[in-house]
>>> print(open('work-v6.cif').read())   # mmCIF, C-alpha atoms
data_final
loop_
_atom_site.group_PDB
_atom_site.id
_atom_site.type_symbol
_atom_site.label_atom_id
_atom_site.label_comp_id
_atom_site.auth_asym_id
_atom_site.auth_seq_id
_atom_site.Cartn_x
_atom_site.Cartn_y
_atom_site.Cartn_z
ATOM 1 C CA MET A 1 91.982 53.528 -148.370
ATOM 2 C CA ASP A 2 90.823 56.262 -150.687
ATOM 3 C CA ILE A 3 93.306 57.813 -153.155
ATOM 4 C CA ARG A 4 92.351 60.714 -155.386
ATOM 5 C CA TYR A 5 94.558 62.164 -158.099
ATOM 6 C CA THR A 6 94.419 65.780 -159.176
ATOM 7 C CA LYS A 7 96.018 66.751 -162.459
ATOM 8 C CA VAL A 8 97.774 70.125 -162.366
ATOM 9 C CA PRO A 9 98.100 71.947 -165.728
ATOM 10 C CA ARG A 10 101.433 71.704 -167.492
ATOM 11 C CA ARG A 11 103.792 74.567 -166.737
ATOM 12 C CA LEU A 12 106.595 75.865 -168.860
ATOM 13 C CA CYS A 13 109.746 76.915 -167.148
ATOM 14 C CA ALA A 14 112.181 79.061 -169.106
ATOM 15 C CA THR A 15 115.717 80.030 -168.274
ATOM 16 C CA PHE A 16 117.355 82.852 -170.191
ATOM 17 C CA LEU A 17 121.107 83.283 -170.161
ATOM 18 C CA CYS A 18 122.524 86.465 -171.557
ATOM 19 C CA ALA A 19 126.074 86.558 -172.830
ATOM 20 C CA ASN A 20 127.432 87.223 -176.277
ATOM 21 C CA ALA A 21 124.684 84.938 -177.548
ATOM 22 C CA LEU A 22 121.171 84.315 -176.310
ATOM 23 C CA SER A 23 120.581 80.888 -174.846
ATOM 24 C CA VAL A 24 117.099 79.618 -174.006
ATOM 25 C CA GLN A 25 116.310 76.415 -172.111
ATOM 26 C CA VAL A 26 112.712 75.327 -171.818
ATOM 27 C CA TYR A 27 111.509 72.486 -169.550
ATOM 28 C CA ALA A 28 108.039 70.994 -169.447
ATOM 29 C CA THR A 29 106.923 69.575 -166.089
ATOM 30 C CA ASP A 30 103.865 67.786 -164.809
ATOM 31 C CA ASP A 31 102.834 68.086 -161.174
ATOM 32 C CA LEU A 32 100.681 65.510 -159.516
ATOM 33 C CA SER A 33 99.066 65.945 -156.148
ATOM 34 C CA MET A 34 96.990 63.355 -154.342
ATOM 35 C CA THR A 35 94.951 63.059 -151.218
ATOM 36 C CA VAL A 36 95.535 59.880 -149.243
ATOM 37 C CA SER A 37 93.165 58.899 -146.481
ATOM 38 C CA GLY A 38 92.361 55.737 -144.574
ATOM 39 C CA HIS A 39 89.822 54.414 -142.130
ATOM 40 C CA ILE A 40 89.967 51.607 -139.588
ATOM 41 C CA GLU A 41 86.676 50.418 -138.129
ATOM 42 C CA SER A 42 86.368 50.579 -134.353
ATOM 43 C CA MET A 43 86.390 47.057 -132.960
ATOM 44 C CA CYS A 44 85.874 45.858 -129.394
ATOM 45 C CA TYR A 45 84.857 42.366 -128.332
ATOM 46 C CA LEU A 46 84.993 40.212 -125.235
ATOM 47 C CA THR A 47 84.999 36.440 -124.752
ATOM 48 C CA LEU A 48 84.971 34.204 -121.693
ATOM 49 C CA GLU A 49 87.568 31.460 -121.541
ATOM 50 C CA GLN A 50 85.260 28.985 -119.777
ATOM 51 C CA GLU A 51 81.577 28.451 -119.134
ATOM 52 C CA SER A 52 79.773 31.454 -117.767
ATOM 53 C CA ALA A 53 78.658 29.893 -114.446
ATOM 54 C CA VAL A 54 80.633 30.840 -111.327
ATOM 55 C CA THR A 55 80.267 28.840 -108.117
ATOM 56 C CA LEU A 56 80.872 30.719 -104.879
ATOM 57 C CA ARG A 57 81.622 28.717 -101.731
ATOM 58 C CA ASN A 58 82.691 29.786 -98.269
ATOM 59 C CA ASN A 59 86.410 30.644 -98.101
ATOM 60 C CA ASN A 60 86.848 30.100 -101.811
ATOM 61 C CA LEU A 61 87.751 32.347 -104.749
ATOM 62 C CA SER A 62 86.185 31.831 -108.156
ATOM 63 C CA ARG A 63 87.897 33.240 -111.200
ATOM 64 C CA VAL A 64 86.637 33.959 -114.709
ATOM 65 C CA ASP A 65 89.245 34.492 -117.432
ATOM 66 C CA LEU A 66 88.489 37.072 -120.109
ATOM 67 C CA GLU A 67 89.978 37.634 -123.540
ATOM 68 C CA LEU A 68 89.340 40.992 -125.103
ATOM 69 C CA TYR A 69 90.281 42.990 -128.141
ATOM 70 C CA CYS A 70 89.807 46.708 -128.536
ATOM 71 C CA ASN A 71 91.622 48.946 -131.035
ATOM 72 C CA GLN A 72 91.003 52.163 -129.107
ATOM 73 C CA PRO A 73 90.706 53.168 -125.439
ATOM 74 C CA MET A 74 87.920 51.182 -123.812
ATOM 75 C CA SER A 75 85.520 50.856 -120.907
ATOM 76 C CA LEU A 76 84.757 47.557 -119.205
ATOM 77 C CA GLY A 77 81.316 47.635 -117.578
ATOM 78 C CA ILE A 78 80.123 45.323 -114.792
ATOM 79 C CA GLN A 79 76.647 45.147 -113.288
ATOM 80 C CA SER A 80 75.009 42.832 -110.742
ATOM 81 C CA HIS A 81 71.291 42.100 -111.034
ATOM 82 C CA ASN A 82 70.763 41.587 -107.282
ATOM 83 C CA GLY A 83 73.755 43.324 -105.698
ATOM 84 C CA GLY A 84 74.758 39.998 -104.101
ATOM 85 C CA ILE A 85 73.840 36.337 -104.359
ATOM 86 C CA LYS A 86 70.183 35.940 -103.417
ATOM 87 C CA HIS A 87 68.716 32.863 -101.752
ATOM 88 C CA ASP A 88 66.138 31.276 -104.075
ATOM 89 C CA SER A 89 63.395 30.818 -101.438
ATOM 90 C CA SER A 90 63.968 33.834 -99.167
ATOM 91 C CA ASP A 91 65.055 37.464 -99.211
ATOM 92 C CA LEU A 92 68.490 36.564 -97.857
ATOM 93 C CA LEU A 93 71.195 38.387 -99.839
ATOM 94 C CA SER A 94 74.926 37.643 -99.411
ATOM 95 C CA PRO A 95 77.401 40.226 -100.743
ATOM 96 C CA TYR A 96 80.552 39.351 -102.629
ATOM 97 C CA SER A 97 83.499 41.268 -103.999
ATOM 98 C CA VAL A 98 84.801 41.325 -107.553
ATOM 99 C CA LYS A 99 88.453 41.957 -108.342
ATOM 100 C CA VAL A 100 88.864 43.215 -111.911
ATOM 101 C CA SER A 101 92.248 42.881 -113.578
ATOM 102 C CA VAL A 102 93.194 43.666 -117.188
ATOM 103 C CA PRO A 103 96.906 44.576 -116.905
ATOM 104 C CA LYS A 104 97.422 45.560 -120.557
ATOM 105 C CA ALA A 105 94.538 48.068 -120.262
ATOM 106 C CA LEU A 106 95.898 49.343 -116.909
ATOM 107 C CA ILE A 107 92.738 48.179 -115.118
ATOM 108 C CA LYS A 108 93.086 46.783 -111.601
ATOM 109 C CA SER A 109 90.344 47.364 -109.065
ATOM 110 C CA GLU A 110 88.035 45.755 -106.532
ATOM 111 C CA ILE A 111 84.366 46.504 -106.012
ATOM 112 C CA LYS A 112 81.642 45.134 -103.729
ATOM 113 C CA SER A 113 78.484 43.595 -105.220
ATOM 114 C CA PRO A 114 76.045 46.110 -103.643
ATOM 115 C CA ASP A 115 77.881 48.848 -105.589
ATOM 116 C CA LEU A 116 77.289 46.920 -108.821
ATOM 117 C CA GLN A 117 73.508 47.267 -108.840
ATOM 118 C CA GLN A 118 74.193 50.259 -111.075
ATOM 119 C CA ILE A 119 76.642 49.540 -113.884
ATOM 120 C CA HIS A 120 80.217 50.396 -112.923
ATOM 121 C CA TYR A 121 82.776 51.243 -115.629
ATOM 122 C CA PHE A 122 86.494 50.599 -115.533
ATOM 123 C CA ASP A 123 88.301 52.766 -118.110
ATOM 124 C CA SER A 124 91.635 52.151 -119.777
ATOM 125 C CA GLY A 125 92.407 55.895 -119.831
ATOM 126 C CA GLN A 126 94.279 56.671 -123.042
ATOM 127 C CA THR A 127 95.735 53.132 -123.179
ATOM 128 C CA ILE A 128 94.761 51.049 -126.201
ATOM 129 C CA PRO A 129 94.928 47.397 -125.136
ATOM 130 C CA TYR A 130 94.468 45.716 -128.552
ATOM 131 C CA SER A 131 94.538 42.012 -127.628
ATOM 132 C CA ALA A 132 94.533 41.487 -123.850
ATOM 133 C CA SER A 133 93.738 38.959 -121.145
ATOM 134 C CA GLY A 134 91.989 39.705 -117.888
ATOM 135 C CA GLN A 135 90.350 38.138 -114.879
ATOM 136 C CA LEU A 136 87.315 38.664 -112.706
ATOM 137 C CA THR A 137 87.801 37.120 -109.261
ATOM 138 C CA PHE A 138 84.731 36.641 -107.063
ATOM 139 C CA GLU A 139 84.827 36.166 -103.278
ATOM 140 C CA LEU A 140 82.024 35.955 -100.724
ATOM 141 C CA GLN A 141 82.135 38.690 -98.081
ATOM 142 C CA GLU A 142 80.256 36.601 -95.493
ATOM 143 C CA PRO A 143 79.868 32.829 -95.102
ATOM 144 C CA LEU A 144 76.652 31.312 -96.417
ATOM 145 C CA VAL A 145 74.713 29.893 -93.459
ATOM 146 C CA VAL A 146 71.252 28.965 -94.763
ATOM 147 C CA ALA A 147 70.978 25.850 -96.920
ATOM 148 C CA GLY A 148 69.697 26.339 -100.430
ATOM 149 C CA VAL A 149 70.590 27.766 -103.812
ATOM 150 C CA TYR A 150 71.832 31.333 -104.201
ATOM 151 C CA ARG A 151 71.942 33.211 -107.496
ATOM 152 C CA ASP A 152 72.933 36.476 -109.129
ATOM 153 C CA THR A 153 73.417 37.528 -112.725
ATOM 154 C CA VAL A 154 76.495 39.600 -113.511
ATOM 155 C CA THR A 155 76.654 41.383 -116.858
ATOM 156 C CA VAL A 156 80.072 42.277 -118.283
ATOM 157 C CA SER A 157 80.276 44.623 -121.267
ATOM 158 C CA LEU A 158 83.100 46.081 -123.305
ATOM 159 C CA ALA A 159 82.835 49.249 -125.360
ATOM 160 C CA PRO A 160 85.193 51.648 -127.113
ATOM 161 C CA ARG A 161 85.604 54.963 -125.333
ATOM 162 C CA LEU A 162 85.517 58.095 -127.442
ATOM 163 C CA ILE A 163 88.751 60.023 -127.727
ATOM 164 C CA LEU A 164 88.029 63.727 -127.663
ATOM 165 C CA SER A 165 90.601 66.050 -129.163
ATOM 166 C CA PRO A 166 91.494 69.123 -127.109
#
>>> encode(input="work-v6.cif", output="structure tokens")
Amino acid sequence: MDIRYTKVPRRLCATFLCANALSVQVYATDDLSMTVSGHIESMCYLTLEQESAVTLRNNNLSRVDLELYCNQPMSLGIQSHNGGIKHDSSDLLSPYSVKVSVPKALIKSEIKSPDLQQIHYFDSGQTIPYSASGQLTFELQEPLVVAGVYRDTVTVSLAPRLILSP
């Protein structure tokens, strides 16, 4: 917080009363004006509540719990490297869906992995979530049929969103 003081020159105020006698009252005053300003740094961060590996199995949901803090409206970004889970020794690609839920930021949506090859943003609008919990829930769209290991890398980012004044 920055406080600046400005000294205003002393003023003399005089009151004259006229009657049978002349009465004079003189007051000396000091005025003080100050400018008060403050600044709060923008802060947004995201943590995972468990290890970052998600295992997808047929007919099974996998959930990742998020904890986030943002002191202004925010955008949660999600991107898939492959657009699905890719078989390690072939070109087989299995799509999945991601349900995104951050109730305090008014975010609730579902998106398919092929649509996540380009980063997709979920905005909180004008809502400021401060400290909030959320979940990402992953579900395979088709059963895995070929034996082997499947992989994808999903990147989750959190950033403050600029508030533009009208």
>>> closest_atom_pairs(input="work-v6.cif", of="region 115-154 of chain A", to="region 82-94 of chain A", cutoff="7 Å", atoms="all atoms listed in the file", output="tab-separated table")
residue	atom	partner	partner_atom	distance
A:Asp115	CA	A:Gly83	CA	6.9
A:Leu116	CA	A:Gly83	CA	5.9
A:Gln117	CA	A:Gly83	CA	5.0
A:Glu142	CA	A:Ser94	CA	6.7
A:Gly148	CA	A:His87	CA	6.7
A:Val149	CA	A:Asp88	CA	5.7
A:Tyr150	CA	A:His87	CA	4.2
A:Arg151	CA	A:Ile85	CA	4.8
A:Asp152	CA	A:Ile85	CA	4.9
>>> residues_around(input="work-v6.cif", residues="Met74 (chain A)", least_positions_apart="3", cutoff="9 Å", atoms="only C-alpha atoms", output="ChimeraX atom specification")
/A:44,70-71,105,122-129,158-162
>>> resolve_selection(input="work-v6.cif", expression="the PyMOL selection byres ((chain A and resi 46) around 7)", output="VMD selection string")
chain A and resid 45 47 to 48 66 to 69 158
>>> atom_distance(input="work-v6.cif", atom1="CA of Ser101 (chain A)", atom2="CA of Pro73 (chain A)")
15.8 Å
>>> atom_distance(input="work-v6.cif", atom1="CA of His39 (chain A)", atom2="CA of Ser131 (chain A)")
19.7 Å
>>> atom_distance(input="work-v6.cif", atom1="CA of Gln135 (chain A)", atom2="CA of Leu106 (chain A)")
12.7 Å
>>> resolve_selection(input="work-v6.cif", expression="the PyMOL selection byres ((chain A and resi 54) around 10)", output="ChimeraX atom specification")
/A:50-53,55-57,61-64,137-138,151-154
>>> closest_residue(input="work-v6.cif", among="A:Asn58, A:Ser109, A:Asp65, A:Gln72", to="Ile40 (chain A)", atoms="all atoms listed in the file")
A:Gln72
>>> residues_near_point(input="work-v6.cif", point="(84.2, 44.2, -114.0)", cutoff="6 Å", atoms="all atoms listed in the file", output="number ranges by chain")
A: 77-78, 100
>>> residues_around(input="work-v6.cif", residues="region 95-97 of chain A", least_positions_apart="2", cutoff="6 Å", atoms="only C-alpha atoms", output="list in words")
Gly84, Ile111, Lys112, Ser113, Phe138, Glu139, Leu140 and Gln141 of chain A
>>> decode(input="work-v6.cif", residues="region 55-75 of chain A", atoms="N, CA, C and O atoms", output="compact mmCIF listing (two decimals), in the first residue's frame")
# COMPACT_ATOMS: atom_id res chain seq x y z
N THR A 55 -5.21 -44.45 -15.03
CA THR A 55 -5.34 -45.74 -15.69
C THR A 55 -6.76 -45.88 -16.21
O THR A 55 -7.72 -45.81 -15.44
N LEU A 56 -6.88 -46.05 -17.53
CA LEU A 56 -8.19 -46.25 -18.15
C LEU A 56 -8.37 -47.73 -18.45
O LEU A 56 -7.50 -48.37 -19.04
N ARG A 57 -9.51 -48.26 -18.03
CA ARG A 57 -9.87 -49.66 -18.30
C ARG A 57 -11.27 -49.66 -18.88
O ARG A 57 -12.05 -48.73 -18.68
N ASN A 58 -11.59 -50.73 -19.58
CA ASN A 58 -12.94 -50.86 -20.14
C ASN A 58 -13.98 -50.74 -19.03
O ASN A 58 -13.83 -51.29 -17.95
N ASN A 59 -15.05 -50.01 -19.33
CA ASN A 59 -16.18 -49.81 -18.40
C ASN A 59 -15.75 -49.26 -17.05
O ASN A 59 -16.28 -49.66 -16.01
N ASN A 60 -14.79 -48.38 -17.04
CA ASN A 60 -14.30 -47.85 -15.78
C ASN A 60 -14.04 -46.35 -15.93
O ASN A 60 -13.53 -45.90 -16.95
N LEU A 61 -14.38 -45.60 -14.90
CA LEU A 61 -14.08 -44.16 -14.85
C LEU A 61 -12.82 -43.95 -14.03
O LEU A 61 -12.61 -44.64 -13.03
N SER A 62 -12.01 -43.02 -14.44
CA SER A 62 -10.83 -42.63 -13.66
C SER A 62 -10.94 -41.15 -13.38
O SER A 62 -11.19 -40.35 -14.28
N ARG A 63 -10.74 -40.81 -12.12
CA ARG A 63 -10.92 -39.42 -11.71
C ARG A 63 -9.63 -38.84 -11.15
O ARG A 63 -8.90 -39.51 -10.42
N VAL A 64 -9.38 -37.58 -11.49
CA VAL A 64 -8.24 -36.83 -10.96
C VAL A 64 -8.82 -35.64 -10.21
O VAL A 64 -9.61 -34.87 -10.77
N ASP A 65 -8.46 -35.50 -8.93
CA ASP A 65 -8.92 -34.37 -8.13
C ASP A 65 -7.93 -33.22 -8.25
O ASP A 65 -6.72 -33.42 -8.19
N LEU A 66 -8.48 -32.02 -8.42
CA LEU A 66 -7.68 -30.81 -8.57
C LEU A 66 -7.96 -29.87 -7.40
O LEU A 66 -9.09 -29.81 -6.91
N GLU A 67 -6.96 -29.15 -6.99
CA GLU A 67 -7.12 -28.03 -6.06
C GLU A 67 -6.55 -26.82 -6.78
O GLU A 67 -5.45 -26.89 -7.33
N LEU A 68 -7.31 -25.74 -6.79
CA LEU A 68 -6.82 -24.56 -7.47
C LEU A 68 -7.11 -23.32 -6.66
O LEU A 68 -7.98 -23.31 -5.79
N TYR A 69 -6.32 -22.31 -6.94
CA TYR A 69 -6.51 -21.00 -6.33
C TYR A 69 -6.32 -19.97 -7.43
O TYR A 69 -5.34 -20.02 -8.18
N CYS A 70 -7.25 -19.05 -7.53
CA CYS A 70 -7.10 -17.96 -8.47
C CYS A 70 -7.87 -16.76 -7.92
O CYS A 70 -9.04 -16.88 -7.58
N ASN A 71 -7.20 -15.60 -7.81
CA ASN A 71 -7.83 -14.43 -7.22
C ASN A 71 -8.39 -13.46 -8.26
O ASN A 71 -8.52 -12.27 -8.01
N GLN A 72 -8.71 -14.00 -9.43
CA GLN A 72 -9.43 -13.25 -10.46
C GLN A 72 -10.07 -14.27 -11.40
O GLN A 72 -9.79 -15.46 -11.29
N PRO A 73 -10.96 -13.84 -12.29
CA PRO A 73 -11.54 -14.82 -13.22
C PRO A 73 -10.44 -15.60 -13.93
O PRO A 73 -9.33 -15.08 -14.15
N MET A 74 -10.72 -16.85 -14.27
CA MET A 74 -9.66 -17.73 -14.74
C MET A 74 -10.09 -18.57 -15.93
O MET A 74 -11.27 -18.67 -16.24
N SER A 75 -9.09 -19.16 -16.57
CA SER A 75 -9.31 -20.12 -17.65
C SER A 75 -8.54 -21.39 -17.31
O SER A 75 -7.37 -21.32 -16.96
